[in-house]
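Content type compact mmCIF, C-alpha atoms, from the file upload_26.txt:
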# COMPACT_ATOMS: atom_id res chain seq x y z
CA MET A 71 -21.11 -5.52 -4.90
CA SER A 72 -21.26 -2.12 -3.25
CA TYR A 73 -17.98 -0.75 -1.94
CA ARG A 74 -19.68 1.36 0.72
CA TRP A 75 -19.36 0.71 4.44
CA VAL A 76 -21.54 -2.28 5.32
CA ALA A 77 -21.14 -1.85 9.08
CA PRO A 78 -21.16 1.37 11.10
CA LEU A 79 -17.78 3.05 10.60
CA PRO A 80 -17.12 3.58 14.34
CA LEU A 81 -17.74 -0.14 14.90
CA ILE A 82 -15.29 -1.13 12.15
CA VAL A 83 -12.65 1.20 13.58
CA THR A 84 -13.19 -0.16 17.10
CA LEU A 85 -12.95 -3.79 15.97
CA ILE A 86 -9.87 -3.37 13.81
CA SER A 87 -8.10 -1.26 16.44
CA ALA A 88 -7.93 -4.35 18.63
CA GLY A 89 -6.75 -6.60 15.83
CA PHE A 90 -2.96 -6.27 15.89
CA THR A 91 -0.77 -7.30 18.78
CA GLN A 92 2.11 -4.88 18.59
CA ASN A 93 5.44 -4.46 20.28
CA PRO A 94 4.96 -1.88 23.05
CA GLN A 95 7.72 0.18 21.45
CA ALA A 96 5.91 0.42 18.10
CA HIS A 97 3.78 3.41 17.22
CA ILE A 98 0.35 2.55 15.83
CA SER A 99 -0.95 5.53 13.89
CA THR A 100 -4.28 7.14 14.71
CA ILE A 101 -7.01 8.61 12.55
CA PRO A 102 -6.06 12.21 13.48
CA GLU A 103 -2.42 11.53 12.60
CA ILE A 104 -3.44 10.18 9.22
CA GLN A 105 -5.84 13.07 8.66
CA GLU A 106 -3.01 15.52 9.31
CA ASP A 107 -1.09 14.21 6.31
CA PHE A 108 -3.81 15.34 3.93
CA GLN A 109 -3.59 19.00 4.93
CA ASN A 110 -0.89 19.73 2.35
CA VAL A 111 -1.11 17.26 -0.51
CA PRO A 112 1.50 18.12 -3.18
CA CYS A 113 -0.68 18.91 -6.19
CA ARG A 114 2.04 19.56 -8.77
CA PRO A 115 3.74 16.52 -10.34
CA LYS A 116 7.19 18.03 -9.84
CA ASP A 117 6.53 18.37 -6.08
CA ARG A 118 5.46 14.78 -5.61
CA PRO A 119 8.90 13.14 -5.04
CA SER A 120 9.99 15.78 -2.53
CA GLY A 121 6.62 15.42 -0.82
CA VAL A 122 7.20 11.69 -0.46
CA GLN A 123 10.63 12.28 1.03
CA ALA A 124 9.30 14.89 3.48
CA LEU A 125 6.57 12.54 4.63
CA PHE A 126 8.97 9.66 5.23
CA GLU A 127 11.32 11.96 7.14
CA LYS A 128 8.36 13.00 9.27
CA MET A 129 7.87 9.30 10.02
CA GLY A 130 11.43 9.05 11.28
CA ALA A 131 13.36 8.01 8.19
CA PRO A 132 16.89 9.49 8.11
CA ALA A 133 17.22 12.07 5.33
CA ASP A 134 19.79 9.98 3.45
CA SER A 135 17.95 6.66 3.76
CA LEU A 136 15.47 7.18 0.90
CA SER A 137 17.21 6.09 -2.28
CA VAL A 138 16.14 7.08 -5.78
CA GLU A 139 16.31 4.12 -8.14
CA LYS A 140 16.19 5.17 -11.78
CA PHE A 141 15.17 2.79 -14.54
CA GLN A 142 14.97 4.10 -18.09
CA GLY A 143 13.54 7.46 -17.09
CA VAL A 144 11.36 6.10 -14.25
CA GLU A 145 12.17 7.04 -10.66
CA ASN A 146 11.15 4.81 -7.75
CA LEU A 147 11.78 5.97 -4.19
CA VAL A 148 12.90 3.12 -1.93
CA LEU A 149 13.41 2.67 1.80
CA ARG A 150 14.90 -0.55 3.13
CA ARG A 151 14.29 -2.18 6.53
CA ASP A 152 16.98 -4.82 6.61
CA SER A 153 16.43 -7.98 8.63
CA GLY A 154 19.71 -9.64 7.67
CA SER A 155 17.73 -12.11 5.57
CA GLN A 156 17.55 -12.28 1.78
CA GLU A 157 13.85 -13.09 2.10
CA THR A 158 12.00 -9.92 1.14
CA ILE A 159 8.55 -8.35 1.35
CA VAL A 160 7.74 -5.35 -0.83
CA ILE A 161 5.16 -2.81 0.30
CA GLY A 162 4.35 -0.28 -2.38
CA ALA A 163 2.20 2.60 -3.56
CA HIS A 164 2.53 4.82 -6.61
CA TYR A 165 3.21 8.52 -6.09
CA ASP A 166 2.35 9.82 -9.55
CA TYR A 167 -1.19 10.76 -10.52
CA ALA A 168 -3.26 11.44 -13.59
CA GLU A 169 -2.54 15.20 -13.36
CA ARG A 170 -6.19 16.07 -13.05
CA GLY A 171 -7.26 17.30 -9.67
CA CYS A 172 -4.74 16.77 -6.88
CA GLY A 173 -4.32 13.00 -6.86
CA ALA A 174 -5.29 12.93 -3.19
CA VAL A 175 -7.26 9.68 -3.34
CA ASP A 176 -5.27 8.25 -6.27
CA ASN A 177 -2.77 7.90 -4.82
CA TRP A 178 -1.61 10.17 -2.00
CA THR A 179 -3.72 7.92 0.24
CA GLY A 180 -1.38 5.08 -0.75
CA ILE A 181 1.72 7.16 -0.01
CA VAL A 182 0.37 8.21 3.39
CA THR A 183 -0.45 4.58 4.19
CA LEU A 184 3.01 3.48 3.06
CA ALA A 185 4.69 6.10 5.25
CA HIS A 186 2.68 5.15 8.33
CA LEU A 187 3.43 1.48 7.69
CA TYR A 188 7.11 2.38 7.52
CA ARG A 189 7.00 4.14 10.88
CA THR A 190 5.27 1.24 12.59
CA ILE A 191 7.32 -1.55 11.02
CA SER A 192 10.61 0.30 11.58
CA MET A 193 9.97 -0.07 15.33
CA LEU A 194 9.18 -3.80 15.15
CA PRO A 195 11.49 -6.82 14.93
CA VAL A 196 11.33 -8.24 11.42
CA HIS A 197 12.15 -11.70 10.08
CA LYS A 198 12.23 -10.65 6.43
CA THR A 199 13.74 -7.58 4.81
CA VAL A 200 11.08 -5.01 3.89
CA LEU A 201 11.29 -2.69 0.90
CA PHE A 202 8.99 0.32 1.06
CA VAL A 203 8.64 1.54 -2.52
CA ALA A 204 6.96 4.65 -3.91
CA PHE A 205 6.54 3.78 -7.58
CA GLY A 206 6.75 6.30 -10.38
CA ASN A 207 4.71 6.34 -13.58
CA GLU A 208 2.03 3.88 -12.55
CA GLU A 209 -0.53 5.88 -14.49
CA ARG A 210 1.49 5.46 -17.69
CA GLY A 211 1.33 1.68 -17.58
CA LEU A 212 2.85 0.41 -14.32
CA LEU A 213 6.26 1.58 -15.52
CA GLY A 214 7.90 1.94 -12.10
CA SER A 215 6.87 -1.46 -10.79
CA ASN A 216 7.67 -3.18 -14.09
CA ALA A 217 11.11 -1.58 -14.06
CA MET A 218 11.77 -2.74 -10.50
CA VAL A 219 10.72 -6.32 -11.24
CA ARG A 220 12.97 -6.43 -14.32
CA THR A 221 16.00 -5.67 -12.14
CA ILE A 222 15.40 -8.72 -9.91
CA PRO A 223 17.68 -11.56 -11.05
CA LYS A 224 15.62 -14.60 -11.98
CA GLN A 225 17.38 -16.74 -9.39
CA ASN A 226 16.35 -14.27 -6.66
CA ILE A 227 12.62 -14.33 -7.41
CA PRO A 228 12.00 -17.14 -4.86
CA ASN A 229 13.35 -14.81 -2.14
CA TYR A 230 10.53 -12.33 -2.79
CA CYS A 231 7.87 -13.67 -0.46
CA ALA A 232 5.03 -11.15 -0.92
CA MET A 233 4.15 -7.80 -2.42
CA ILE A 234 1.48 -5.65 -0.73
CA ASN A 235 0.31 -2.74 -2.87
CA VAL A 236 -1.89 0.15 -1.71
CA ASP A 237 -3.82 2.05 -4.36
CA SER A 238 -6.58 4.54 -3.58
CA PHE A 239 -7.96 4.25 -0.08
CA GLY A 240 -10.16 6.98 1.32
CA LEU A 241 -13.66 6.55 -0.10
CA ALA A 242 -14.94 3.33 1.49
CA ARG A 243 -13.90 0.19 3.34
CA PRO A 244 -10.92 -1.74 1.97
CA PHE A 245 -11.15 -4.52 -0.57
CA ALA A 246 -8.67 -6.29 -2.84
CA MET A 247 -8.44 -5.71 -6.58
CA GLU A 248 -9.03 -9.30 -7.63
CA ASN A 249 -7.61 -9.03 -11.14
CA SER A 250 -4.32 -7.62 -9.76
CA SER A 251 -3.93 -10.07 -6.88
CA SER A 252 -2.56 -13.60 -6.71
CA THR A 253 -4.81 -16.33 -5.35
CA GLY A 254 -2.73 -17.29 -2.31
CA LEU A 255 -2.13 -13.83 -0.92
CA LEU A 256 -5.72 -12.80 -1.64
CA ALA A 257 -6.92 -15.80 0.37
CA GLN A 258 -4.63 -14.80 3.23
CA ALA A 259 -5.93 -11.22 3.11
CA ARG A 260 -9.49 -12.56 3.36
CA LYS A 261 -8.51 -14.72 6.34
CA ILE A 262 -6.90 -11.79 8.15
CA ALA A 263 -9.86 -9.52 7.46
CA GLU A 264 -12.16 -12.18 8.91
CA GLU A 265 -10.00 -12.34 12.05
CA LEU A 266 -10.26 -8.54 12.31
CA LYS A 267 -14.04 -8.77 11.81
CA LEU A 268 -13.62 -6.48 8.81
CA PRO A 269 -16.01 -6.88 5.86
CA PHE A 270 -13.70 -7.59 2.93
CA ASP A 271 -13.71 -9.20 -0.48
CA GLY A 272 -11.93 -9.41 -3.78
CA VAL A 273 -13.51 -7.14 -6.38
CA PRO A 274 -12.85 -7.36 -10.14
CA ILE A 275 -12.61 -3.88 -11.65
CA PRO A 276 -12.67 -4.18 -15.47
CA GLY A 277 -10.06 -2.05 -17.17
CA ALA A 278 -8.21 -1.19 -13.96
CA ASP A 279 -4.73 -2.41 -13.12
CA ALA A 280 -2.21 -1.84 -10.34
CA ASP A 281 1.48 -2.20 -9.52
CA SER A 282 0.97 -5.60 -7.89
CA SER A 283 0.35 -7.01 -11.38
CA SER A 284 4.03 -6.51 -12.24
CA PHE A 285 5.03 -8.75 -9.33
CA LYS A 286 2.22 -11.24 -9.91
CA ALA A 287 3.36 -11.70 -13.50
CA ALA A 288 6.84 -12.60 -12.23
CA GLY A 289 5.44 -15.28 -9.91
CA ILE A 290 5.70 -13.19 -6.73
CA PRO A 291 2.60 -13.41 -4.48
CA ALA A 292 0.95 -10.01 -4.63
CA VAL A 293 -2.20 -8.18 -3.58
CA THR A 294 -3.53 -4.69 -4.19
CA LEU A 295 -5.65 -3.19 -1.43
CA SER A 296 -7.99 -0.36 -2.38
CA GLY A 297 -10.81 1.55 -0.74
CA VAL A 298 -12.88 3.29 -3.38
CA SER A 299 -16.66 3.49 -3.55
CA SER A 300 -18.94 2.40 -6.36
CA ASP A 301 -18.93 5.95 -7.76
CA TRP A 302 -15.11 6.06 -7.93
CA ARG A 303 -15.18 7.17 -11.56
CA LEU A 304 -16.56 10.53 -10.40
CA VAL A 305 -13.39 11.12 -8.34
CA LEU A 306 -10.38 9.22 -9.68
CA HIS A 307 -8.66 10.80 -12.69
CA THR A 308 -10.91 13.85 -12.45
CA THR A 309 -10.66 17.36 -11.04
CA ASN A 310 -12.67 16.07 -8.06
CA ASP A 311 -9.69 14.10 -6.73
CA GLN A 312 -8.99 16.48 -3.86
CA ALA A 313 -8.06 16.10 -0.20
CA SER A 314 -11.61 17.05 0.76
CA LYS A 315 -12.83 13.74 -0.71
CA VAL A 316 -10.62 11.60 1.55
CA ILE A 317 -12.28 9.87 4.52
CA PRO A 318 -9.38 9.48 7.00
CA ALA A 319 -11.05 6.52 8.73
CA SER A 320 -10.99 4.61 5.43
CA VAL A 321 -7.24 5.18 5.16
CA TYR A 322 -6.78 4.18 8.80
CA VAL A 323 -8.65 0.89 8.40
CA GLY A 324 -6.67 0.16 5.24
CA TYR A 325 -3.42 0.87 7.06
CA ARG A 326 -4.37 -1.51 9.87
CA LEU A 327 -5.34 -4.23 7.38
CA ALA A 328 -2.10 -3.83 5.42
CA LEU A 329 -0.11 -3.93 8.67
CA SER A 330 -1.74 -7.20 9.66
CA ILE A 331 -1.15 -8.73 6.23
CA TRP A 332 2.53 -7.74 6.43
CA ASN A 333 2.76 -9.20 9.94
CA SER A 334 1.35 -12.49 8.70
CA ALA A 335 3.66 -12.63 5.68
CA ASP A 336 6.68 -11.77 7.81
CA ALA A 337 5.99 -14.72 10.11
CA ALA A 338 5.12 -17.25 7.38
CA PRO A 339 7.50 -19.37 5.31
CA CYS A 340 8.55 -17.47 2.21
CA ASP A 341 6.71 -19.84 -0.14
CA ALA A 342 3.51 -19.90 1.92
CA PHE A 343 1.43 -17.97 -0.63
CA ARG A 344 3.18 -18.99 -3.83
CA GLY A 345 1.64 -21.20 -6.47
CA ARG A 346 -1.91 -21.03 -5.11
Target encoding structure tokens, full file:
Amino acid sequence: MSYRWVAPLPLIVTLISAGFTQNPQAHISTIPEIQEDFQNVPCRPKDRPSGVQALFEKMGAPADSLSVEKFQGVENLVLRRDSGSQETIVIGAHYDYAERGCGAVDNWTGIVTLAHLYRTISMLPVHKTVLFVAFGNEERGLLGSNAMVRTIPKQNIPNYCAMINVDSFGLARPFAMENSSSTGLLAQARKIAEELKLPFDGVPIPGADADSSSFKAAGIPAVTLSGVSSDWRLVLHTTNDQASKVIPASVYVGYRLALSIWNSADAAPCDAFRGR
């Protein structure tokens, strides 16, 4: 399968732009707004956490609302949108990178998507509590997501309804990493993409893994959305991973898809995608 655009990009953008019925008070991000957040990608590992915080504050998060959760030397950055319900949806993206290039595609695109999702969802009524998580040390073996999952008491696992992970948009249309996604949530992502008239599929990528796998292994429905092209190895984990490689429209379409998947999971029974 090729991961390139299979329909004209302006057509895809036009179709998906009509695909989410939003509260009039909610802000739906635009391609120029997303593009703006790639003008100053923090390219030093030590600047990454502060860059995440600055981006979330730009999206309206109070300065003291982003908590740092430390687990055995791993730092995850977490924002909570409380619904009053114990039922929870996690939306995540890792903020670390392979320290070659600038980590713009892998995975500042995920962080930008996560921040824009936060801004939109923070303006919407929610049925389930949403945790927006920027994971640390994904590149060293999914350490941040594994650490978070280990802190969830076993009896609380059924309250975790879905995990939506964003890893490396920006090079092509979105797809799901099949080997890191659970069957039920992947099927729902396909259904939503079809409703949006968005070409979409699950793609096995041998040797690649993502933070959704930590949740999937614990029995939590999970999906990783990505948007790389078939020549991704020439960009990811190389000195070519720069902001100039990012196609903002790819990030925008991924953001709209992730928003619709969240909207569906928020409205569904918590066990709707479990065990399938």
For this session: Quick one: everything within 12 Å of Asn207 (chain A), counting only C-alpha atoms, minus sequence neighbours fewer than 3 positions away in the same chain. Send it as a VMD selection string.
Result: chain A and resid 115 118 to 119 140 to 147 163 to 169 177 204 210 to 218 280 to 281
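Distances from A:Val148, A:Pro244, A:Tyr188, A:Lys128 to Gly206 (chain A) were compared using all atoms listed in the file, and the smallest one belongs to A:Val148.
For the atom pair formed by CA of Arg170 (chain A) and CA of Leu241 (chain A), the distance is 17.7 Å, given to one decimal.
CA of Trp332 (chain A) lies 23.6 Å from CA of Lys224 (chain A).
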Seminar exercise, completed: Among A:Ser135, A:Leu194, A:Ile290, A:Asn333, Ile262 (chain A) is approached most closely, using all atoms listed in the file, by A:Asn333
Just region 126-205 of chain A from the block, C-alpha atoms, as a tab-separated table (two decimals), in the first residue's frame, could you?
chain	number	residue	atom	x	y	z
A	126	PHE	CA	-0.67	24.23	25.51
A	127	GLU	CA	-0.73	27.66	27.15
A	128	LYS	CA	-1.12	29.16	23.68
A	129	MET	CA	-4.16	26.90	23.27
A	130	GLY	CA	-5.70	28.34	26.41
A	131	ALA	CA	-4.50	25.97	29.12
A	132	PRO	CA	-3.89	27.76	32.45
A	133	ALA	CA	-0.18	27.84	33.29
A	134	ASP	CA	-0.64	25.67	36.38
A	135	SER	CA	-2.92	23.08	34.75
A	136	LEU	CA	-0.20	21.02	33.04
A	137	SER	CA	1.05	18.51	35.59
A	138	VAL	CA	4.35	16.67	35.36
A	139	GLU	CA	3.95	13.03	36.31
A	140	LYS	CA	7.26	11.35	37.03
A	141	PHE	CA	7.70	7.59	36.90
A	142	GLN	CA	11.15	6.13	37.51
A	143	GLY	CA	12.96	8.89	35.64
A	144	VAL	CA	10.30	9.31	32.92
A	145	GLU	CA	8.31	12.54	32.74
A	146	ASN	CA	4.84	12.65	31.19
A	147	LEU	CA	3.05	15.97	30.82
A	148	VAL	CA	-0.68	15.67	31.53
A	149	LEU	CA	-3.70	17.93	31.12
A	150	ARG	CA	-7.08	16.84	32.44
A	151	ARG	CA	-10.52	17.78	31.11
A	152	ASP	CA	-12.78	16.54	33.87
A	153	SER	CA	-16.32	15.49	33.05
A	154	GLY	CA	-17.24	14.39	36.56
A	155	SER	CA	-17.20	10.79	35.35
A	156	GLN	CA	-14.62	8.12	36.13
A	157	GLU	CA	-14.91	6.93	32.53
A	158	THR	CA	-11.79	8.16	30.77
A	159	ILE	CA	-10.38	8.67	27.28
A	160	VAL	CA	-6.65	9.19	26.85
A	161	ILE	CA	-5.34	11.19	23.90
A	162	GLY	CA	-1.57	11.05	23.62
A	163	ALA	CA	1.56	11.85	21.64
A	164	HIS	CA	5.21	11.50	22.57
A	165	TYR	CA	7.32	14.64	22.85
A	166	ASP	CA	10.78	13.10	22.79
A	167	TYR	CA	12.59	12.34	19.56
A	168	ALA	CA	15.52	10.34	18.28
A	169	GLU	CA	17.87	13.34	18.67
A	170	ARG	CA	18.75	13.37	15.00
A	171	GLY	CA	17.35	16.25	13.05
A	172	CYS	CA	14.68	18.27	14.81
A	173	GLY	CA	11.99	15.68	15.47
A	174	ALA	CA	9.48	17.84	13.62
A	175	VAL	CA	7.58	14.98	11.97
A	176	ASP	CA	8.40	12.45	14.72
A	177	ASN	CA	6.79	13.72	16.80
A	178	TRP	CA	6.22	17.46	17.06
A	179	THR	CA	3.36	16.88	14.62
A	180	GLY	CA	1.78	14.70	17.31
A	181	ILE	CA	2.27	17.36	19.98
A	182	VAL	CA	0.78	20.07	17.76
A	183	THR	CA	-2.19	17.82	17.01
A	184	LEU	CA	-2.62	17.04	20.71
A	185	ALA	CA	-2.57	20.74	21.61
A	186	HIS	CA	-5.14	21.66	18.96
A	187	LEU	CA	-7.34	18.77	20.09
A	188	TYR	CA	-7.09	20.12	23.63
A	189	ARG	CA	-8.22	23.58	22.57
A	190	THR	CA	-11.22	22.25	20.66
A	191	ILE	CA	-12.32	19.67	23.22
A	192	SER	CA	-11.87	22.09	26.13
A	193	MET	CA	-14.70	24.16	24.61
A	194	LEU	CA	-17.06	21.20	24.14
A	195	PRO	CA	-19.30	19.40	26.62
A	196	VAL	CA	-17.79	16.02	27.45
A	197	HIS	CA	-19.36	12.84	28.80
A	198	LYS	CA	-16.06	11.20	29.72
A	199	THR	CA	-12.99	12.65	31.38
A	200	VAL	CA	-10.20	13.30	28.87
A	201	LEU	CA	-6.50	13.02	29.67
A	202	PHE	CA	-4.21	14.78	27.20
A	203	VAL	CA	-0.79	13.21	27.67
A	204	ALA	CA	2.58	14.14	26.18
A	205	PHE	CA	4.63	10.99	26.76
